[in-house]
>>> print(open('upload-v5.csv').read())   # CSV, N, CA and C atoms
chain,number,residue,atom,x,y,z
N,940,MET,N,-25.4,-14.2,0.9
N,940,MET,CA,-24.1,-13.6,0.9
N,940,MET,C,-24.2,-12.2,1.4
N,941,SER,N,-23.2,-11.8,2.2
N,941,SER,CA,-23.2,-10.4,2.6
N,941,SER,C,-22.0,-9.7,1.9
N,942,TRP,N,-22.3,-8.5,1.3
N,942,TRP,CA,-21.4,-7.7,0.5
N,942,TRP,C,-21.1,-6.4,1.2
N,943,SER,N,-19.8,-6.1,1.2
N,943,SER,CA,-19.4,-4.7,1.8
N,943,SER,C,-18.2,-4.3,1.0
N,944,LEU,N,-17.8,-3.1,1.3
N,944,LEU,CA,-16.6,-2.5,0.7
N,944,LEU,C,-15.6,-2.0,1.8
N,945,GLU,N,-14.3,-2.1,1.5
N,945,GLU,CA,-13.3,-1.6,2.4
N,945,GLU,C,-12.4,-0.6,1.6
N,946,LYS,N,-12.4,0.6,2.0
N,946,LYS,CA,-11.6,1.6,1.3
N,946,LYS,C,-10.1,1.3,1.3
N,947,LEU,N,-9.6,1.5,0.1
N,947,LEU,CA,-8.1,1.3,-0.1
N,947,LEU,C,-7.5,2.7,-0.4
N,948,GLY,N,-6.3,2.9,0.1
N,948,GLY,CA,-5.6,4.2,-0.2
N,948,GLY,C,-6.1,5.4,0.5
N,949,HIS,N,-5.2,6.3,0.6
N,949,HIS,CA,-5.5,7.7,1.2
N,949,HIS,C,-6.3,7.6,2.4
N,950,GLU,N,-5.9,6.7,3.3
N,950,GLU,CA,-6.6,6.6,4.6
N,950,GLU,C,-6.8,7.9,5.3
N,951,GLY,N,-8.0,8.3,5.6
N,951,GLY,CA,-8.3,9.5,6.4
N,951,GLY,C,-8.3,10.8,5.5
N,952,ARG,N,-7.9,10.7,4.3
N,952,ARG,CA,-7.9,11.8,3.4
N,952,ARG,C,-9.1,11.8,2.5
N,953,SER,N,-9.6,13.0,2.3
N,953,SER,CA,-10.7,13.2,1.4
N,953,SER,C,-10.2,13.2,-0.1
N,954,THR,N,-10.8,12.4,-0.9
N,954,THR,CA,-10.4,12.4,-2.4
N,954,THR,C,-11.7,12.5,-3.2
N,955,ARG,N,-11.5,12.9,-4.4
N,955,ARG,CA,-12.7,13.0,-5.3
N,955,ARG,C,-13.2,11.6,-5.7
N,956,TYR,N,-12.3,10.7,-5.8
N,956,TYR,CA,-12.7,9.3,-6.2
N,956,TYR,C,-12.3,8.4,-5.0
N,957,ALA,N,-13.0,7.2,-5.0
N,957,ALA,CA,-12.6,6.2,-4.0
N,957,ALA,C,-12.3,4.9,-4.6
N,958,VAL,N,-11.4,4.2,-4.0
N,958,VAL,CA,-11.0,2.9,-4.5
N,958,VAL,C,-11.3,1.9,-3.3
N,959,TYR,N,-12.1,0.9,-3.6
N,959,TYR,CA,-12.5,-0.1,-2.6
N,959,TYR,C,-12.1,-1.5,-2.9
N,960,ALA,N,-11.9,-2.3,-1.9
N,960,ALA,CA,-11.8,-3.7,-2.0
N,960,ALA,C,-13.2,-4.3,-1.8
N,961,LEU,N,-13.6,-5.2,-2.6
N,961,LEU,CA,-14.9,-5.9,-2.5
N,961,LEU,C,-14.7,-7.0,-1.4
N,962,VAL,N,-15.6,-7.0,-0.4
N,962,VAL,CA,-15.6,-7.9,0.7
N,962,VAL,C,-16.9,-8.8,0.6
N,963,ILE,N,-16.7,-10.1,0.5
N,963,ILE,CA,-17.9,-11.0,0.4
N,963,ILE,C,-17.8,-11.9,1.6
N,964,ASP,N,-18.9,-11.9,2.4
N,964,ASP,CA,-19.0,-12.8,3.6
N,964,ASP,C,-17.7,-12.7,4.5
N,965,GLY,N,-17.3,-11.4,4.7
N,965,GLY,CA,-16.2,-11.2,5.6
N,965,GLY,C,-14.8,-11.4,5.0
N,966,GLY,N,-14.7,-11.9,3.8
N,966,GLY,CA,-13.4,-12.1,3.2
N,966,GLY,C,-13.2,-11.3,1.9
N,967,SER,N,-12.0,-11.0,1.6
N,967,SER,CA,-11.7,-10.2,0.4
N,967,SER,C,-10.5,-10.8,-0.3
N,968,GLU,N,-10.7,-11.2,-1.6
N,968,GLU,CA,-9.6,-11.7,-2.4
N,968,GLU,C,-8.5,-10.5,-2.6
N,969,VAL,N,-9.0,-9.3,-2.7
N,969,VAL,CA,-8.1,-8.2,-2.9
N,969,VAL,C,-7.2,-8.0,-1.7
N,970,LEU,N,-7.8,-7.9,-0.5
N,970,LEU,CA,-7.0,-7.7,0.7
N,970,LEU,C,-6.0,-8.9,0.9
N,971,ASP,N,-6.4,-10.1,0.6
N,971,ASP,CA,-5.5,-11.3,0.7
N,971,ASP,C,-4.4,-11.1,-0.3
N,972,PHE,N,-4.7,-10.7,-1.6
N,972,PHE,CA,-3.7,-10.5,-2.6
N,972,PHE,C,-2.7,-9.5,-2.2
N,973,LEU,N,-3.2,-8.3,-1.8
N,973,LEU,CA,-2.3,-7.2,-1.4
N,973,LEU,C,-1.4,-7.6,-0.2
N,974,ASN,N,-1.9,-8.3,0.8
N,974,ASN,CA,-1.2,-8.8,1.9
N,974,ASN,C,-0.1,-9.8,1.6
N,975,ASP,N,-0.3,-10.5,0.5
N,975,ASP,CA,0.7,-11.5,0.0
N,975,ASP,C,1.8,-10.9,-0.8
N,976,LEU,N,1.7,-9.7,-1.2
N,976,LEU,CA,2.8,-9.1,-2.0
N,976,LEU,C,4.0,-8.7,-1.1
N,977,GLU,N,5.1,-8.8,-1.7
N,977,GLU,CA,6.3,-8.4,-1.0
N,977,GLU,C,6.2,-6.8,-0.8
N,978,GLU,N,6.9,-6.3,0.3
N,978,GLU,CA,6.7,-4.9,0.6
N,978,GLU,C,7.0,-4.0,-0.6
N,979,PRO,N,8.0,-4.1,-1.4
N,979,PRO,CA,8.2,-3.2,-2.5
N,979,PRO,C,7.1,-3.2,-3.5
N,980,GLN,N,6.5,-4.4,-3.8
N,980,GLN,CA,5.4,-4.5,-4.7
N,980,GLN,C,4.2,-4.0,-4.1
N,981,PHE,N,4.0,-4.2,-2.8
N,981,PHE,CA,2.8,-3.7,-2.1
N,981,PHE,C,2.8,-2.1,-2.2
N,982,ASN,N,4.0,-1.6,-1.9
N,982,ASN,CA,4.1,-0.1,-2.0
N,982,ASN,C,3.8,0.5,-3.4
N,983,LYS,N,4.3,-0.2,-4.4
N,983,LYS,CA,4.1,0.2,-5.8
N,983,LYS,C,2.6,0.1,-6.1
N,984,MET,N,1.9,-1.0,-5.7
N,984,MET,CA,0.5,-1.1,-5.9
N,984,MET,C,-0.3,-0.1,-5.1
N,985,GLN,N,0.1,0.2,-3.9
N,985,GLN,CA,-0.5,1.2,-3.1
N,985,GLN,C,-0.4,2.6,-3.8
N,986,GLN,N,0.7,2.9,-4.4
N,986,GLN,CA,0.9,4.1,-5.2
N,986,GLN,C,-0.1,4.2,-6.3
N,987,LEU,N,-0.3,3.1,-7.0
N,987,LEU,CA,-1.3,3.1,-8.1
N,987,LEU,C,-2.7,3.3,-7.6
N,988,ILE,N,-3.0,2.7,-6.5
N,988,ILE,CA,-4.4,2.9,-5.9
N,988,ILE,C,-4.5,4.3,-5.4
N,989,ASP,N,-3.5,4.9,-4.8
N,989,ASP,CA,-3.6,6.3,-4.3
N,989,ASP,C,-3.8,7.2,-5.5
N,990,ARG,N,-3.0,7.0,-6.6
N,990,ARG,CA,-3.1,7.8,-7.8
N,990,ARG,C,-4.5,7.7,-8.4
N,991,LEU,N,-5.1,6.5,-8.4
N,991,LEU,CA,-6.4,6.3,-9.0
N,991,LEU,C,-7.5,7.1,-8.1
N,992,SER,N,-7.3,7.0,-6.8
N,992,SER,CA,-8.2,7.7,-5.9
N,992,SER,C,-8.2,9.2,-6.0
N,993,VAL,N,-7.0,9.8,-6.5
N,993,VAL,CA,-6.9,11.2,-6.6
N,993,VAL,C,-7.3,11.6,-8.0
N,994,GLU,N,-6.8,10.9,-9.0
N,994,GLU,CA,-7.0,11.3,-10.4
N,994,GLU,C,-8.3,10.7,-11.1
N,995,GLY,N,-8.8,9.6,-10.5
N,995,GLY,CA,-9.9,9.0,-11.1
N,995,GLY,C,-9.7,8.1,-12.3
N,996,PHE,N,-8.5,8.2,-12.9
N,996,PHE,CA,-8.1,7.4,-14.0
N,996,PHE,C,-6.6,7.5,-14.1
N,997,ILE,N,-5.9,6.4,-14.7
N,997,ILE,CA,-4.5,6.4,-14.9
N,997,ILE,C,-4.3,6.2,-16.4
N,998,ALA,N,-3.8,7.3,-17.1
N,998,ALA,CA,-3.7,7.2,-18.5
N,998,ALA,C,-2.6,6.4,-19.1
N,999,ASN,N,-1.7,6.0,-18.2
N,999,ASN,CA,-0.5,5.2,-18.6
N,999,ASN,C,-0.9,3.7,-18.8
N,1000,ARG,N,-1.0,3.2,-20.0
N,1000,ARG,CA,-1.4,1.8,-20.3
N,1000,ARG,C,-0.4,0.8,-19.8
N,1001,GLU,N,0.8,1.2,-19.4
N,1001,GLU,CA,1.8,0.3,-18.8
N,1001,GLU,C,1.4,0.0,-17.3
N,1002,LYS,N,0.5,0.9,-16.8
N,1002,LYS,CA,0.2,0.7,-15.4
N,1002,LYS,C,-1.3,0.5,-15.2
N,1003,PHE,N,-2.2,0.8,-16.2
N,1003,PHE,CA,-3.6,0.7,-16.0
N,1003,PHE,C,-4.2,0.5,-17.4
N,1004,ARG,N,-5.0,-0.5,-17.5
N,1004,ARG,CA,-5.5,-0.8,-18.9
N,1004,ARG,C,-7.0,-1.3,-18.8
N,1005,ARG,N,-7.8,-0.8,-19.8
N,1005,ARG,CA,-9.1,-1.2,-20.0
N,1005,ARG,C,-9.1,-2.6,-20.6
N,1006,LEU,N,-9.9,-3.6,-20.0
N,1006,LEU,CA,-9.9,-4.9,-20.5
N,1006,LEU,C,-11.2,-5.2,-21.3
N,1007,ASP,N,-12.3,-4.6,-20.8
N,1007,ASP,CA,-13.6,-4.8,-21.4
N,1007,ASP,C,-14.5,-3.6,-20.9
N,1008,ALA,N,-15.7,-3.6,-21.3
N,1008,ALA,CA,-16.6,-2.4,-20.9
N,1008,ALA,C,-16.6,-2.3,-19.4
N,1009,GLY,N,-16.0,-1.2,-18.9
N,1009,GLY,CA,-16.0,-0.9,-17.5
N,1009,GLY,C,-15.1,-1.8,-16.6
N,1010,ILE,N,-14.3,-2.6,-17.2
N,1010,ILE,CA,-13.4,-3.5,-16.5
N,1010,ILE,C,-12.0,-3.1,-16.8
N,1011,TYR,N,-11.2,-3.0,-15.7
N,1011,TYR,CA,-9.8,-2.5,-15.9
N,1011,TYR,C,-8.8,-3.4,-15.0
N,1012,GLU,N,-7.5,-3.2,-15.3
N,1012,GLU,CA,-6.5,-3.9,-14.5
N,1012,GLU,C,-5.4,-2.9,-14.1
N,1013,MET,N,-5.0,-2.9,-12.9
N,1013,MET,CA,-3.8,-2.2,-12.5
N,1013,MET,C,-2.6,-3.1,-12.6
N,1014,LYS,N,-1.5,-2.6,-13.1
N,1014,LYS,CA,-0.4,-3.5,-13.5
N,1014,LYS,C,0.9,-3.2,-12.9
N,1015,LEU,N,1.6,-4.2,-12.4
N,1015,LEU,CA,3.0,-4.1,-11.9
N,1015,LEU,C,3.7,-5.1,-12.8
N,1016,TRP,N,5.0,-4.8,-13.0
N,1016,TRP,CA,5.8,-5.6,-13.8
N,1016,TRP,C,6.9,-6.5,-13.1
N,1017,ALA,N,7.2,-6.2,-11.9
N,1017,ALA,CA,8.3,-7.0,-11.2
N,1017,ALA,C,7.9,-7.3,-9.8
N,1018,PRO,N,7.3,-8.4,-9.5
N,1018,PRO,CA,6.8,-9.4,-10.5
N,1018,PRO,C,5.6,-9.0,-11.2
N,1019,PRO,N,5.3,-9.6,-12.3
N,1019,PRO,CA,4.1,-9.2,-13.1
N,1019,PRO,C,2.8,-9.7,-12.4
N,1020,VAL,N,2.1,-8.7,-11.8
N,1020,VAL,CA,0.9,-9.0,-11.1
N,1020,VAL,C,-0.2,-8.0,-11.6
N,1021,ARG,N,-1.4,-8.4,-11.4
N,1021,ARG,CA,-2.5,-7.5,-11.8
N,1021,ARG,C,-3.6,-7.4,-10.7
N,1022,LEU,N,-4.2,-6.3,-10.6
N,1022,LEU,CA,-5.3,-6.1,-9.7
N,1022,LEU,C,-6.5,-5.7,-10.6
N,1023,PHE,N,-7.6,-6.4,-10.5
N,1023,PHE,CA,-8.7,-6.2,-11.4
N,1023,PHE,C,-9.8,-5.4,-10.7
N,1024,CYS,N,-10.5,-4.5,-11.5
N,1024,CYS,CA,-11.4,-3.6,-10.9
N,1024,CYS,C,-12.5,-3.2,-11.9
N,1025,PHE,N,-13.6,-2.6,-11.4
N,1025,PHE,CA,-14.6,-2.0,-12.3
N,1025,PHE,C,-15.0,-0.7,-11.7
N,1026,ARG,N,-15.6,0.1,-12.5
N,1026,ARG,CA,-16.0,1.5,-12.1
N,1026,ARG,C,-17.5,1.5,-11.7
N,1027,ASP,N,-17.8,2.2,-10.7
N,1027,ASP,CA,-19.2,2.4,-10.2
N,1027,ASP,C,-19.3,3.9,-9.9
N,1028,GLY,N,-19.8,4.6,-10.9
N,1028,GLY,CA,-19.9,6.1,-10.7
N,1028,GLY,C,-18.5,6.7,-10.6
N,1029,THR,N,-18.2,7.4,-9.5
N,1029,THR,CA,-16.8,7.9,-9.2
N,1029,THR,C,-16.0,6.9,-8.4
N,1030,ASP,N,-16.5,5.8,-8.1
N,1030,ASP,CA,-15.8,4.8,-7.3
N,1030,ASP,C,-15.2,3.7,-8.1
N,1031,TRP,N,-14.1,3.1,-7.7
N,1031,TRP,CA,-13.5,2.0,-8.3
N,1031,TRP,C,-13.6,0.8,-7.3
N,1032,ILE,N,-14.1,-0.3,-7.8
N,1032,ILE,CA,-14.3,-1.5,-6.9
N,1032,ILE,C,-13.3,-2.6,-7.4
N,1033,CYS,N,-12.4,-2.9,-6.6
N,1033,CYS,CA,-11.4,-4.0,-6.9
N,1033,CYS,C,-12.0,-5.3,-6.5
N,1034,THR,N,-11.9,-6.3,-7.3
N,1034,THR,CA,-12.5,-7.6,-7.1
N,1034,THR,C,-11.5,-8.7,-6.7
N,1035,HIS,N,-10.3,-8.7,-7.3
N,1035,HIS,CA,-9.3,-9.7,-7.0
N,1035,HIS,C,-8.0,-9.3,-7.7
N,1036,GLY,N,-7.0,-10.0,-7.4
N,1036,GLY,CA,-5.7,-9.9,-8.0
N,1036,GLY,C,-5.0,-11.2,-8.3
N,1037,ASP,N,-4.0,-11.2,-9.2
N,1037,ASP,CA,-3.4,-12.4,-9.6
N,1037,ASP,C,-2.1,-12.1,-10.3
N,1038,ARG,N,-1.3,-13.1,-10.5
N,1038,ARG,CA,-0.1,-13.0,-11.3
N,1038,ARG,C,-0.6,-12.7,-12.7
N,1039,LYS,N,0.3,-12.1,-13.6
N,1039,LYS,CA,-0.1,-11.7,-14.9
N,1039,LYS,C,-0.6,-13.0,-15.6
N,1040,PRO,N,-1.9,-12.9,-16.1
N,1040,PRO,CA,-2.4,-14.1,-16.8
N,1040,PRO,C,-2.1,-14.2,-18.3
N,1041,GLY,N,-2.2,-15.4,-18.8
N,1041,GLY,CA,-2.1,-15.5,-20.3
N,1041,GLY,C,-3.5,-15.1,-20.8
N,1042,GLU,N,-3.6,-15.2,-22.1
N,1042,GLU,CA,-4.8,-14.7,-22.8
N,1042,GLU,C,-6.1,-15.5,-22.4
N,1043,ARG,N,-5.9,-16.8,-22.3
N,1043,ARG,CA,-7.1,-17.6,-21.9
N,1043,ARG,C,-7.5,-17.4,-20.4
N,1044,GLU,N,-6.5,-17.3,-19.6
N,1044,GLU,CA,-6.7,-16.9,-18.2
N,1044,GLU,C,-7.3,-15.5,-18.0
N,1045,LEU,N,-6.9,-14.6,-18.9
N,1045,LEU,CA,-7.3,-13.2,-18.8
N,1045,LEU,C,-8.9,-13.2,-19.0
N,1046,GLN,N,-9.3,-14.0,-20.0
N,1046,GLN,CA,-10.8,-14.0,-20.3
N,1046,GLN,C,-11.5,-14.5,-19.1
N,1047,ALA,N,-11.0,-15.5,-18.3
N,1047,ALA,CA,-11.6,-16.0,-17.1
N,1047,ALA,C,-11.6,-14.9,-16.0
N,1048,HIS,N,-10.6,-14.1,-15.9
N,1048,HIS,CA,-10.6,-13.0,-15.0
N,1048,HIS,C,-11.6,-11.9,-15.3
N,1049,ILE,N,-11.8,-11.6,-16.6
N,1049,ILE,CA,-12.8,-10.7,-17.1
N,1049,ILE,C,-14.2,-11.2,-16.7
N,1050,ALA,N,-14.4,-12.5,-17.0
N,1050,ALA,CA,-15.7,-13.1,-16.7
N,1050,ALA,C,-16.0,-13.0,-15.2
N,1051,LYS,N,-15.0,-13.3,-14.4
N,1051,LYS,CA,-15.1,-13.2,-12.9
N,1051,LYS,C,-15.5,-11.8,-12.5
N,1052,VAL,N,-14.8,-10.8,-13.0
N,1052,VAL,CA,-15.2,-9.4,-12.7
N,1052,VAL,C,-16.6,-9.1,-13.1
N,1053,ASN,N,-17.0,-9.5,-14.3
N,1053,ASN,CA,-18.4,-9.3,-14.8
N,1053,ASN,C,-19.4,-9.9,-13.8
N,1054,THR,N,-19.1,-11.1,-13.4
N,1054,THR,CA,-20.1,-11.8,-12.5
N,1054,THR,C,-20.2,-11.1,-11.2
N,1055,LEU,N,-19.0,-10.7,-10.6
N,1055,LEU,CA,-19.0,-10.0,-9.3
N,1055,LEU,C,-19.7,-8.6,-9.4
N,1056,ARG,N,-19.4,-8.0,-10.5
N,1056,ARG,CA,-20.1,-6.7,-10.8
N,1056,ARG,C,-21.6,-6.8,-10.8
N,1057,GLN,N,-22.1,-7.8,-11.5
N,1057,GLN,CA,-23.5,-8.0,-11.6
N,1057,GLN,C,-24.1,-8.3,-10.2
N,1058,HIS,N,-23.5,-9.1,-9.4
N,1058,HIS,CA,-24.0,-9.4,-8.1
N,1058,HIS,C,-23.9,-8.2,-7.2
N,1059,TYR,N,-22.8,-7.4,-7.3
N,1059,TYR,CA,-22.6,-6.2,-6.6
N,1059,TYR,C,-23.8,-5.2,-6.9
N,1060,ARG,N,-24.1,-5.1,-8.1
N,1060,ARG,CA,-25.1,-4.1,-8.5
N,1060,ARG,C,-26.5,-4.6,-8.0
N,1061,GLU,N,-26.7,-5.9,-8.1
N,1061,GLU,CA,-28.0,-6.4,-7.6
N,1061,GLU,C,-28.1,-6.2,-6.1
N,1062,GLU,N,-27.1,-6.4,-5.4
N,1062,GLU,CA,-27.1,-6.2,-3.9
N,1062,GLU,C,-27.3,-4.7,-3.5
N,1063,ARG,N,-26.9,-3.8,-4.4
N,1063,ARG,CA,-27.0,-2.4,-4.1
N,1063,ARG,C,-28.4,-1.8,-4.4
N,1064,LYS,N,-29.2,-2.6,-5.1
N,1064,LYS,CA,-30.6,-2.1,-5.4
N,1064,LYS,C,-31.5,-2.0,-4.2
>>> encode(input="upload-v5.csv", output="C-alpha cells")
Amino acid sequence: MSWSLEKLGHEGRSTRYAVYALVIDGGSEVLDFLNDLEEPQFNKMQQLIDRLSVEGFIANREKFRRLDAGIYEMKLWAPPVRLFCFRDGTDWICTHGDRKPGERELQAHIAKVNTLRQHYREERK
C-alpha cells in the first residue's frame, strides 16, 4: 500500500496547523466524500476545515466533537454528515466521511479511524 496526504483548506496560505486528506493507493475516501457533497454543504465543510487549520481546534461541540482518544468528527447538520479525523502533532488527518451514523455505526467508524491511524503511523516510521 502507498500512503500519502493531500492538504485541505487554505490553499497556498501558511497556517500554524494543517488539515490533510489521507490518500491510500491513489484514492481518498475524504476527497470522494467532499466531492459528493452539494455545493452549500461543501462550502460549510470547507469553512470548518479552514477554521481547524487556523485555530488547531474547534471548541463548538455542535461542529466538532471528540469521539475517542485522539479521534474527532467535524459535523454538519443539513444534511447530517460527518468527517472523521485524528490528530498527528499539529496536523489533522481526515480519514473518511459519511452521513450521521447511529451509535452502532459510530463505533465502526471509530474502529476504522483507529485502524487507519495505526497503519499511517507504521508507514511514517
>>> closest_residue(input="upload-v5.csv", among="N:Gly966, N:Gly948, N:Pro1018, N:Gly1028", to="Pro979 of chain N", atoms="all atoms listed in the file")
N:Pro1018
>>> closest_residue(input="upload-v5.csv", among="N:Ile1049, N:Leu973, N:Pro1040, N:Gln986", to="Asp1007 of chain N", atoms="all atoms listed in the file")
N:Ile1049
>>> select_by_dssp(input="upload-v5.csv", residues="chain N", states="helix (DSSP H, G or I)", output="PyMOL selection string")
chain N and resi 968-975+978-994+1042-1063
>>> closest_residue(input="upload-v5.csv", among="N:Gln1046, N:Thr954, N:Ser967, N:Gln980", to="Leu1015 of chain N", atoms="only N, CA and C atoms")
N:Gln980
>>> atom_distance(input="upload-v5.csv", atom1="atom C of Asp964 of chain N", atom2="atom C of Asn1053 of chain N")
18.6 Å
>>> residues_around(input="upload-v5.csv", residues="segment 1055-1062 of chain N", least_positions_apart="6", cutoff="9 Å", atoms="only C-alpha atoms", output="ChimeraX atom specification")
/N:941-942,961,1025,1027,1032,1034
>>> atom_distance(input="upload-v5.csv", atom1="atom C of Leu1006 of chain N", atom2="atom CA of Ala1047 of chain N")
11.6 Å
>>> decode(input="upload-v5.csv", residues="segment 943-970 of chain N", atoms="N, CA and C atoms", output="PDB file, in the first residue's frame")
ATOM      1  N   SER N 943      -0.207   8.602   1.284  1.00  0.00           N
ATOM      2  CA  SER N 943       0.217   9.993   1.135  1.00  0.00           C
ATOM      3  C   SER N 943      -0.868  10.886   1.731  1.00  0.00           C
ATOM      4  N   LEU N 944      -0.588  12.169   1.758  1.00  0.00           N
ATOM      5  CA  LEU N 944      -1.523  13.151   2.298  1.00  0.00           C
ATOM      6  C   LEU N 944      -1.760  14.238   1.270  1.00  0.00           C
ATOM      7  N   GLU N 945      -2.993  14.722   1.206  1.00  0.00           N
ATOM      8  CA  GLU N 945      -3.311  15.873   0.363  1.00  0.00           C
ATOM      9  C   GLU N 945      -3.886  16.958   1.256  1.00  0.00           C
ATOM     10  N   LYS N 946      -3.264  18.131   1.208  1.00  0.00           N
ATOM     11  CA  LYS N 946      -3.670  19.226   2.084  1.00  0.00           C
ATOM     12  C   LYS N 946      -5.060  19.737   1.713  1.00  0.00           C
ATOM     13  N   LEU N 947      -5.859  19.969   2.738  1.00  0.00           N
ATOM     14  CA  LEU N 947      -7.197  20.520   2.584  1.00  0.00           C
ATOM     15  C   LEU N 947      -7.199  21.930   3.160  1.00  0.00           C
ATOM     16  N   GLY N 948      -7.911  22.827   2.548  1.00  0.00           N
ATOM     17  CA  GLY N 948      -8.114  24.147   3.112  1.00  0.00           C
ATOM     18  C   GLY N 948      -6.936  25.078   2.982  1.00  0.00           C
ATOM     19  N   HIS N 949      -7.230  26.353   2.958  1.00  0.00           N
ATOM     20  CA  HIS N 949      -6.246  27.431   2.905  1.00  0.00           C
ATOM     21  C   HIS N 949      -5.135  27.149   1.899  1.00  0.00           C
ATOM     22  N   GLU N 950      -5.531  26.807   0.709  1.00  0.00           N
ATOM     23  CA  GLU N 950      -4.597  26.542  -0.389  1.00  0.00           C
ATOM     24  C   GLU N 950      -3.646  27.717  -0.568  1.00  0.00           C
ATOM     25  N   GLY N 951      -2.376  27.440  -0.482  1.00  0.00           N
ATOM     26  CA  GLY N 951      -1.369  28.459  -0.727  1.00  0.00           C
ATOM     27  C   GLY N 951      -1.100  29.388   0.448  1.00  0.00           C
ATOM     28  N   ARG N 952      -1.878  29.268   1.506  1.00  0.00           N
ATOM     29  CA  ARG N 952      -1.659  30.112   2.686  1.00  0.00           C
ATOM     30  C   ARG N 952      -0.932  29.324   3.758  1.00  0.00           C
ATOM     31  N   SER N 953      -0.076  30.002   4.471  1.00  0.00           N
ATOM     32  CA  SER N 953       0.638  29.388   5.579  1.00  0.00           C
ATOM     33  C   SER N 953      -0.235  29.449   6.823  1.00  0.00           C
ATOM     34  N   THR N 954      -0.439  28.325   7.466  1.00  0.00           N
ATOM     35  CA  THR N 954      -1.196  28.283   8.709  1.00  0.00           C
ATOM     36  C   THR N 954      -0.374  27.524   9.739  1.00  0.00           C
ATOM     37  N   ARG N 955      -0.717  27.699  10.977  1.00  0.00           N
ATOM     38  CA  ARG N 955       0.011  27.025  12.057  1.00  0.00           C
ATOM     39  C   ARG N 955      -0.290  25.536  12.072  1.00  0.00           C
ATOM     40  N   TYR N 956      -1.476  25.171  11.678  1.00  0.00           N
ATOM     41  CA  TYR N 956      -1.922  23.778  11.675  1.00  0.00           C
ATOM     42  C   TYR N 956      -2.231  23.381  10.240  1.00  0.00           C
ATOM     43  N   ALA N 957      -2.201  22.089   9.985  1.00  0.00           N
ATOM     44  CA  ALA N 957      -2.546  21.616   8.642  1.00  0.00           C
ATOM     45  C   ALA N 957      -3.611  20.534   8.755  1.00  0.00           C
ATOM     46  N   VAL N 958      -4.517  20.526   7.793  1.00  0.00           N
ATOM     47  CA  VAL N 958      -5.560  19.505   7.708  1.00  0.00           C
ATOM     48  C   VAL N 958      -5.346  18.776   6.396  1.00  0.00           C
ATOM     49  N   TYR N 959      -5.248  17.442   6.468  1.00  0.00           N
ATOM     50  CA  TYR N 959      -4.949  16.632   5.295  1.00  0.00           C
ATOM     51  C   TYR N 959      -6.024  15.573   5.076  1.00  0.00           C
ATOM     52  N   ALA N 960      -6.175  15.186   3.827  1.00  0.00           N
ATOM     53  CA  ALA N 960      -6.962  14.012   3.459  1.00  0.00           C
ATOM     54  C   ALA N 960      -5.981  12.852   3.310  1.00  0.00           C
ATOM     55  N   LEU N 961      -6.306  11.726   3.899  1.00  0.00           N
ATOM     56  CA  LEU N 961      -5.489  10.533   3.763  1.00  0.00           C
ATOM     57  C   LEU N 961      -5.736   9.923   2.382  1.00  0.00           C
ATOM     58  N   VAL N 962      -4.658   9.654   1.662  1.00  0.00           N
ATOM     59  CA  VAL N 962      -4.732   9.071   0.320  1.00  0.00           C
ATOM     60  C   VAL N 962      -4.037   7.715   0.373  1.00  0.00           C
ATOM     61  N   ILE N 963      -4.757   6.672   0.002  1.00  0.00           N
ATOM     62  CA  ILE N 963      -4.216   5.312   0.026  1.00  0.00           C
ATOM     63  C   ILE N 963      -4.291   4.744  -1.377  1.00  0.00           C
ATOM     64  N   ASP N 964      -3.150   4.343  -1.892  1.00  0.00           N
ATOM     65  CA  ASP N 964      -3.059   3.779  -3.250  1.00  0.00           C
ATOM     66  C   ASP N 964      -3.721   4.694  -4.284  1.00  0.00           C
ATOM     67  N   GLY N 965      -3.511   5.992  -4.132  1.00  0.00           N
ATOM     68  CA  GLY N 965      -4.007   6.954  -5.107  1.00  0.00           C
ATOM     69  C   GLY N 965      -5.457   7.369  -4.941  1.00  0.00           C
ATOM     70  N   GLY N 966      -6.173   6.774  -3.986  1.00  0.00           N
ATOM     71  CA  GLY N 966      -7.575   7.123  -3.771  1.00  0.00           C
ATOM     72  C   GLY N 966      -7.796   7.674  -2.376  1.00  0.00           C
ATOM     73  N   SER N 967      -8.806   8.507  -2.238  1.00  0.00           N
ATOM     74  CA  SER N 967      -9.098   9.111  -0.939  1.00  0.00           C
ATOM     75  C   SER N 967     -10.594   9.113  -0.682  1.00  0.00           C
ATOM     76  N   GLU N 968     -11.004   8.435   0.386  1.00  0.00           N
ATOM     77  CA  GLU N 968     -12.411   8.461   0.770  1.00  0.00           C
ATOM     78  C   GLU N 968     -12.846   9.868   1.157  1.00  0.00           C
ATOM     79  N   VAL N 969     -11.925  10.640   1.727  1.00  0.00           N
ATOM     80  CA  VAL N 969     -12.239  12.017   2.129  1.00  0.00           C
ATOM     81  C   VAL N 969     -12.555  12.867   0.907  1.00  0.00           C
ATOM     82  N   LEU N 970     -11.667  12.817  -0.079  1.00  0.00           N
ATOM     83  CA  LEU N 970     -11.877  13.632  -1.282  1.00  0.00           C
ATOM     84  C   LEU N 970     -13.137  13.210  -2.020  1.00  0.00           C
TER      85      LEU N 970
END
